[in-house]
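**Student:** Attaching a single structure in structure tokens format; questions to follow.
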Amino acid sequence: MERRDELAQSLAAVRERIAKACDAAGRSADEVTLVVVTKTHPASDVALLAELGVTDVGENRHPEAAGKHLAAVEAGVALRWHFVGGLQTNKAGAIARYADVVHSVDRAKLARSLDRGAQAAGRTLRCLVQVDFDTTDPGRAGVLPADVQALADVIAGECPHLELGGVMTVAPLGRDPAPSFAHLREISAELRHTTPSATMISAGMSEDFEVAIAHGATHVRVGRSVLGQRPVLQ
Ligand SMILES: *Cc1c(COP(=O)(O)O)cnc(C)c1O
């Protein structure tokens with residue numbers, strides 16, 4: 001099968017799953033944005049996805065993301081670019097030049113670097129606070145629920161070139177994701193008391209996006225269900 005047909009088919013299946021999950025949750029399908037995570041897949045796939053009506057793509061590594069963004073711009077393909085991966089402070093300036101939304105902000109130092117990068121690039125960058133609900137693995141990205149407000153205050157209060165967009169999580173591995181997604185929704189509601197515009201709830205991946213939609217996700221980040229298995233990285 002041609003790659004375009006393959007992507008059209010898997011995309012239709014994912015959109016159908018989103019529509020069903022929205023229906024089951026009593027939500028309208030346009031409340032949920034599909035972010036197709038294109039990491040490890042070529043720029044040609046990004047172009048095909050745009051042709052097929054995808055508006056938002058996600059990447060987790062610089063400079064792979066930068067290269068694909070540039071290829072898209074050169075091909076005249078307009079997309080919103082979401083950076084969803086772990087991020088070193090010294091890459092923040094580069095990422096601020098092409099990302100529209102950074103989902104993985106989990107420390108004040110990173111927020112300040114992104115703010116300086118956005119200023120230098122003459123842009124405003126939307127940032128989400130990444131929340132971690134897995135207390136058994138201290139190596140995971142994300143702030144603990146108790147620390148969300150403090151980081152949100154830094155982004156909203158001290159970083160004029162950042163816009164606090166909301167919250168994001170990656171559900172703990174190998175556990176029922178529902179409690180985490182439910183907790184994320186509560187955190188989001190609290191955050192909107194102080195920052196009403198922070199409406200984004202980025203939650204759910206290929207395996208669990210229906211559960212995330214049931215718990216209020218506004219942005220689902222889907223890779224494998226659209227693009228197929230990723231090649232194993234060396
Ligand atoms: C890779 C990735 C995804 C997509 O995962 P799939 O299981 O391929 O759907 C979502 N979010 C983040 C942060 C990722 O790194």
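Here, A, B, ... name the chains of the structure tokens in the order displayed, residue numbers run from 1 inside each chain, and ligands are numbered from 1 in the same displayed order.
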Can you tell me which residues sit at most 9 Å away from ligand 1, counting only C-alpha atoms and all ligand atoms, written as a PDB file with C-alpha atoms, in the first residue's frame?
**Tutor:**
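Now in result-v6.pdb:
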ATOM      1  CA  VAL A  35      -1.544  16.068  17.924  1.00  0.00           C
ATOM      2  CA  VAL A  36       0.169  13.489  15.724  1.00  0.00           C
ATOM      3  CA  VAL A  37       3.562  12.661  17.232  1.00  0.00           C
ATOM      4  CA  THR A  38       5.828  12.226  14.210  1.00  0.00           C
ATOM      5  CA  LYS A  39       9.119  11.567  16.030  1.00  0.00           C
ATOM      6  CA  GLY A  58       4.470  16.701  17.956  1.00  0.00           C
ATOM      7  CA  GLU A  59       8.186  16.048  18.226  1.00  0.00           C
ATOM      8  CA  ASN A  60      10.358  15.103  21.173  1.00  0.00           C
ATOM      9  CA  PHE A  83       7.463  19.948  21.546  1.00  0.00           C
ATOM     10  CA  VAL A  84       6.544  17.070  23.862  1.00  0.00           C
ATOM     11  CA  GLY A  85       9.871  15.639  25.000  1.00  0.00           C
ATOM     12  CA  GLY A  86      12.382  16.100  27.759  1.00  0.00           C
ATOM     13  CA  HIS A 103       4.301  20.517  26.645  1.00  0.00           C
ATOM     14  CA  SER A 104       7.218  19.502  28.832  1.00  0.00           C
ATOM     15  CA  MET A 168       0.305  17.871  30.479  1.00  0.00           C
ATOM     16  CA  THR A 169       1.040  14.379  31.728  1.00  0.00           C
ATOM     17  CA  VAL A 170       2.357  11.023  30.589  1.00  0.00           C
ATOM     18  CA  SER A 202      -2.588  17.402  27.168  1.00  0.00           C
ATOM     19  CA  ALA A 203      -3.084  13.742  28.050  1.00  0.00           C
ATOM     20  CA  GLY A 204      -3.416  10.390  26.359  1.00  0.00           C
ATOM     21  CA  MET A 205      -1.271   8.517  23.833  1.00  0.00           C
ATOM     22  CA  SER A 206      -1.984   5.596  21.470  1.00  0.00           C
ATOM     23  CA  GLU A 207      -2.862   3.158  24.257  1.00  0.00           C
ATOM     24  CA  ASP A 208      -4.914   5.361  26.529  1.00  0.00           C
ATOM     25  CA  PHE A 209      -6.302   8.409  24.751  1.00  0.00           C
ATOM     26  CA  VAL A 220      -4.234  13.872  22.729  1.00  0.00           C
ATOM     27  CA  ARG A 221      -0.698  13.023  21.566  1.00  0.00           C
ATOM     28  CA  VAL A 222      -0.836  10.044  19.254  1.00  0.00           C
ATOM     29  CA  GLY A 223       2.162   8.484  17.488  1.00  0.00           C
ATOM     30  CA  ARG A 224       2.092   4.745  16.767  1.00  0.00           C
ATOM     31  CA  SER A 225      -1.640   4.441  16.125  1.00  0.00           C
ATOM     32  CA  VAL A 226      -1.256   6.836  13.197  1.00  0.00           C
ATOM     33  CA  LEU A 227       2.277   6.216  11.937  1.00  0.00           C
ATOM     34  CA  GLY A 228       2.927   2.606  12.925  1.00  0.00           C
ATOM     35  CA  GLN A 229       5.707   1.266  15.107  1.00  0.00           C
ATOM     36  CA  ARG A 230       8.757   3.445  15.438  1.00  0.00           C
TER      37      ARG A 230
END
**Student:** Looking only at the backbone, which of the residues in segment 20-159 of chain A does DSSP tag as alpha helix (DSSP H), as a count of residues only?
**Tutor:** 57
**Student:** Taking the DSSP assignment computed from this structure's backbone, write out as a ChimeraX atom specification all residues of segment 1-233 of chain A that belong to strand (DSSP E or B).
**Tutor:** /A:33-37,56-59,80-83,101-105,125-131,143,162-169,200-202,219-222
**Student:** Pick out the closest residue to Ala118 of chain A from this set: A:Cys159, A:Ala146, A:Arg4, A:Pro172. Count only C-alpha atoms.
**Tutor:**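 Smallest distance to Ala118 of chain A is found for A:Cys159.
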**Student:** Point out the residue among A:Ala94, A:Ala120, A:Ala111, A:Val105 with the least atom-to-atom distance to Gly142 of chain A, counting only C-alpha atoms.
**Tutor:**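 Nearest candidate to Gly142 of chain A out of A:Ala94, A:Ala120, A:Ala111, A:Val105: A:Val105.
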**Student:** Point out the residue among A:Ile187, A:Asp100, A:Ala108, A:Asp115 with the least atom-to-atom distance to Asp132 of chain A, counting only C-alpha atoms.
**Tutor:**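 When distances to Asp132 of chain A are compared using only C-alpha atoms, the smallest one comes from A:Ile187.
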**Student:** Pick from A:Asp134, A:Glu31, A:Asp176, A:Glu190: nearest to Thr218 of chain A, with only C-alpha atoms counted?
**Tutor:**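 Among the listed residues, the smallest separation from Thr218 of chain A belongs to A:Glu31.
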**Student:** To one decimal place in Å, what is the distance between atom CA of Lys109 of chain A and atom CA of His82 of chain A?
**Tutor:**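 Pair atom CA of Lys109 of chain A / atom CA of His82 of chain A returns 19.9 Å.
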**Student:** Considering only C-alpha atoms, return as a compact mmCIF listing (two decimals) with all heavy atoms, in the first residue's frame whatever protein or nucleic-acid residues lie within 8 Å of segment 44-47 of chain A, sequence-local ones (same chain, fewer than 3 positions apart) excluded.
**Tutor:**
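The resulting file, selection-v9.txt, is reproduced below:
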# COMPACT_ATOMS: atom_id res chain seq x y z
N THR A 38 5.14 12.72 15.41
CA THR A 38 5.83 12.23 14.21
C THR A 38 7.29 11.84 14.46
O THR A 38 8.02 11.53 13.51
CB THR A 38 5.76 13.29 13.10
OG1 THR A 38 6.14 14.56 13.66
CG2 THR A 38 4.37 13.41 12.53
N HIS A 41 9.84 9.51 12.41
CA HIS A 41 9.32 9.32 11.05
C HIS A 41 9.75 10.51 10.17
O HIS A 41 9.95 11.61 10.66
CB HIS A 41 7.80 9.19 11.10
CG HIS A 41 7.35 7.94 11.80
ND1 HIS A 41 7.38 6.69 11.21
CD2 HIS A 41 6.92 7.72 13.07
CE1 HIS A 41 6.96 5.77 12.07
NE2 HIS A 41 6.68 6.37 13.21
N ALA A 50 -0.23 16.54 6.72
CA ALA A 50 -0.82 17.87 6.50
C ALA A 50 -1.83 17.81 5.36
O ALA A 50 -2.93 18.37 5.45
CB ALA A 50 0.28 18.89 6.22
N GLU A 51 -1.47 17.10 4.29
CA GLU A 51 -2.41 16.93 3.17
C GLU A 51 -3.69 16.25 3.61
O GLU A 51 -4.77 16.49 3.07
CB GLU A 51 -1.78 16.04 2.09
CG GLU A 51 -0.94 16.76 1.07
CD GLU A 51 -0.33 15.75 0.08
OE1 GLU A 51 -1.05 14.82 -0.38
OE2 GLU A 51 0.86 15.90 -0.20
N VAL A 57 1.33 18.74 14.90
CA VAL A 57 2.27 17.63 15.01
C VAL A 57 3.16 17.81 16.24
O VAL A 57 3.39 18.93 16.70
CB VAL A 57 3.16 17.47 13.74
CG1 VAL A 57 2.33 17.01 12.55
CG2 VAL A 57 3.92 18.75 13.43
N LYS A 68 12.71 18.91 10.58
CA LYS A 68 11.40 18.65 9.97
C LYS A 68 10.56 19.91 9.88
O LYS A 68 9.80 20.10 8.92
CB LYS A 68 10.69 17.53 10.75
CG LYS A 68 11.26 16.17 10.34
CD LYS A 68 11.25 15.17 11.45
CE LYS A 68 9.94 14.47 11.59
NZ LYS A 68 10.04 13.38 12.60
N ALA A 72 9.15 21.48 6.38
CA ALA A 72 7.73 21.82 6.20
C ALA A 72 7.58 23.26 5.74
O ALA A 72 6.83 23.56 4.80
CB ALA A 72 6.97 21.59 7.50
N VAL A 77 4.20 24.04 3.99
CA VAL A 77 3.24 23.30 4.82
C VAL A 77 3.11 23.98 6.19
O VAL A 77 4.07 24.04 6.94
CB VAL A 77 3.70 21.84 5.02
CG1 VAL A 77 2.78 21.10 5.97
CG2 VAL A 77 3.78 21.12 3.67
**Student:** Write out as a compact mmCIF listing (two decimals) with C-alpha atoms, in the first residue's frame the residues lying within 10 Å of Ile213 of chain A, counting only C-alpha atoms and excluding same-chain residues fewer than 6 positions away.
**Tutor:**
# COMPACT_ATOMS: atom_id res chain seq x y z
CA ILE A 18 -11.67 10.05 19.21
CA ALA A 19 -15.22 10.65 18.01
CA LYS A 20 -16.48 7.58 19.88
CA ALA A 21 -14.67 8.57 23.08
CA CYS A 22 -16.06 12.10 22.87
CA ASP A 23 -19.53 10.72 22.30
CA ALA A 24 -19.23 8.41 25.31
CA ALA A 25 -18.05 11.35 27.44
CA ARG A 27 -18.27 15.95 24.66
CA ALA A 29 -15.36 16.04 18.98
CA GLU A 31 -13.15 19.92 21.95
CA VAL A 32 -10.27 17.50 21.36
CA PHE A 181 -5.97 11.72 34.21
CA ILE A 201 -5.12 19.46 29.12
CA SER A 202 -2.59 17.40 27.17
CA ALA A 203 -3.08 13.74 28.05
CA GLY A 204 -3.42 10.39 26.36
CA HIS A 219 -5.11 17.53 23.35
CA VAL A 220 -4.23 13.87 22.73
**Student:** Please identify all polymer residues within 8 Å of Ile155 of chain A, counting only C-alpha atoms, omitting same-chain residues fewer than 4 positions from it, and present them as an MDAnalysis selection string.
**Tutor:** chainID A and resid 108 111:112 127 151 159:160 162:164
**Student:** Print the selection's residues with C-alpha atoms to a file, as an mmCIF file, in the first residue's frame.
**Tutor:**
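Wrote out-v9.cif, looks like this:
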data_model
loop_
_atom_site.group_PDB
_atom_site.id
_atom_site.type_symbol
_atom_site.label_atom_id
_atom_site.label_comp_id
_atom_site.auth_asym_id
_atom_site.auth_seq_id
_atom_site.Cartn_x
_atom_site.Cartn_y
_atom_site.Cartn_z
ATOM 1 C CA ALA A 108 11.696 27.240 36.581
ATOM 2 C CA ALA A 111 10.861 28.249 31.769
ATOM 3 C CA ARG A 112 13.238 31.202 32.055
ATOM 4 C CA CYS A 127 3.898 26.392 27.649
ATOM 5 C CA LEU A 151 5.925 26.691 38.436
ATOM 6 C CA CYS A 159 8.081 35.117 31.815
ATOM 7 C CA PRO A 160 6.448 37.777 29.613
ATOM 8 C CA LEU A 162 5.560 32.697 27.588
ATOM 9 C CA GLU A 163 1.867 32.067 27.806
ATOM 10 C CA LEU A 164 0.698 29.521 30.349
#
**Student:** For each of A:Ala66, A:Met1, A:Leu184, A:Val129, take the minimum atom-to-atom distance to Ala212 of chain A, counting only C-alpha atoms, then give the residue where this is smallest.
**Tutor:** A:Leu184
**Student:** Nearest to Gln9 of chain A: which of A:Leu52, A:Thr40, A:Leu110, A:Met200 is it, counting only C-alpha atoms?
**Tutor:**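 Smallest separation from Gln9 of chain A among the options: A:Leu52.
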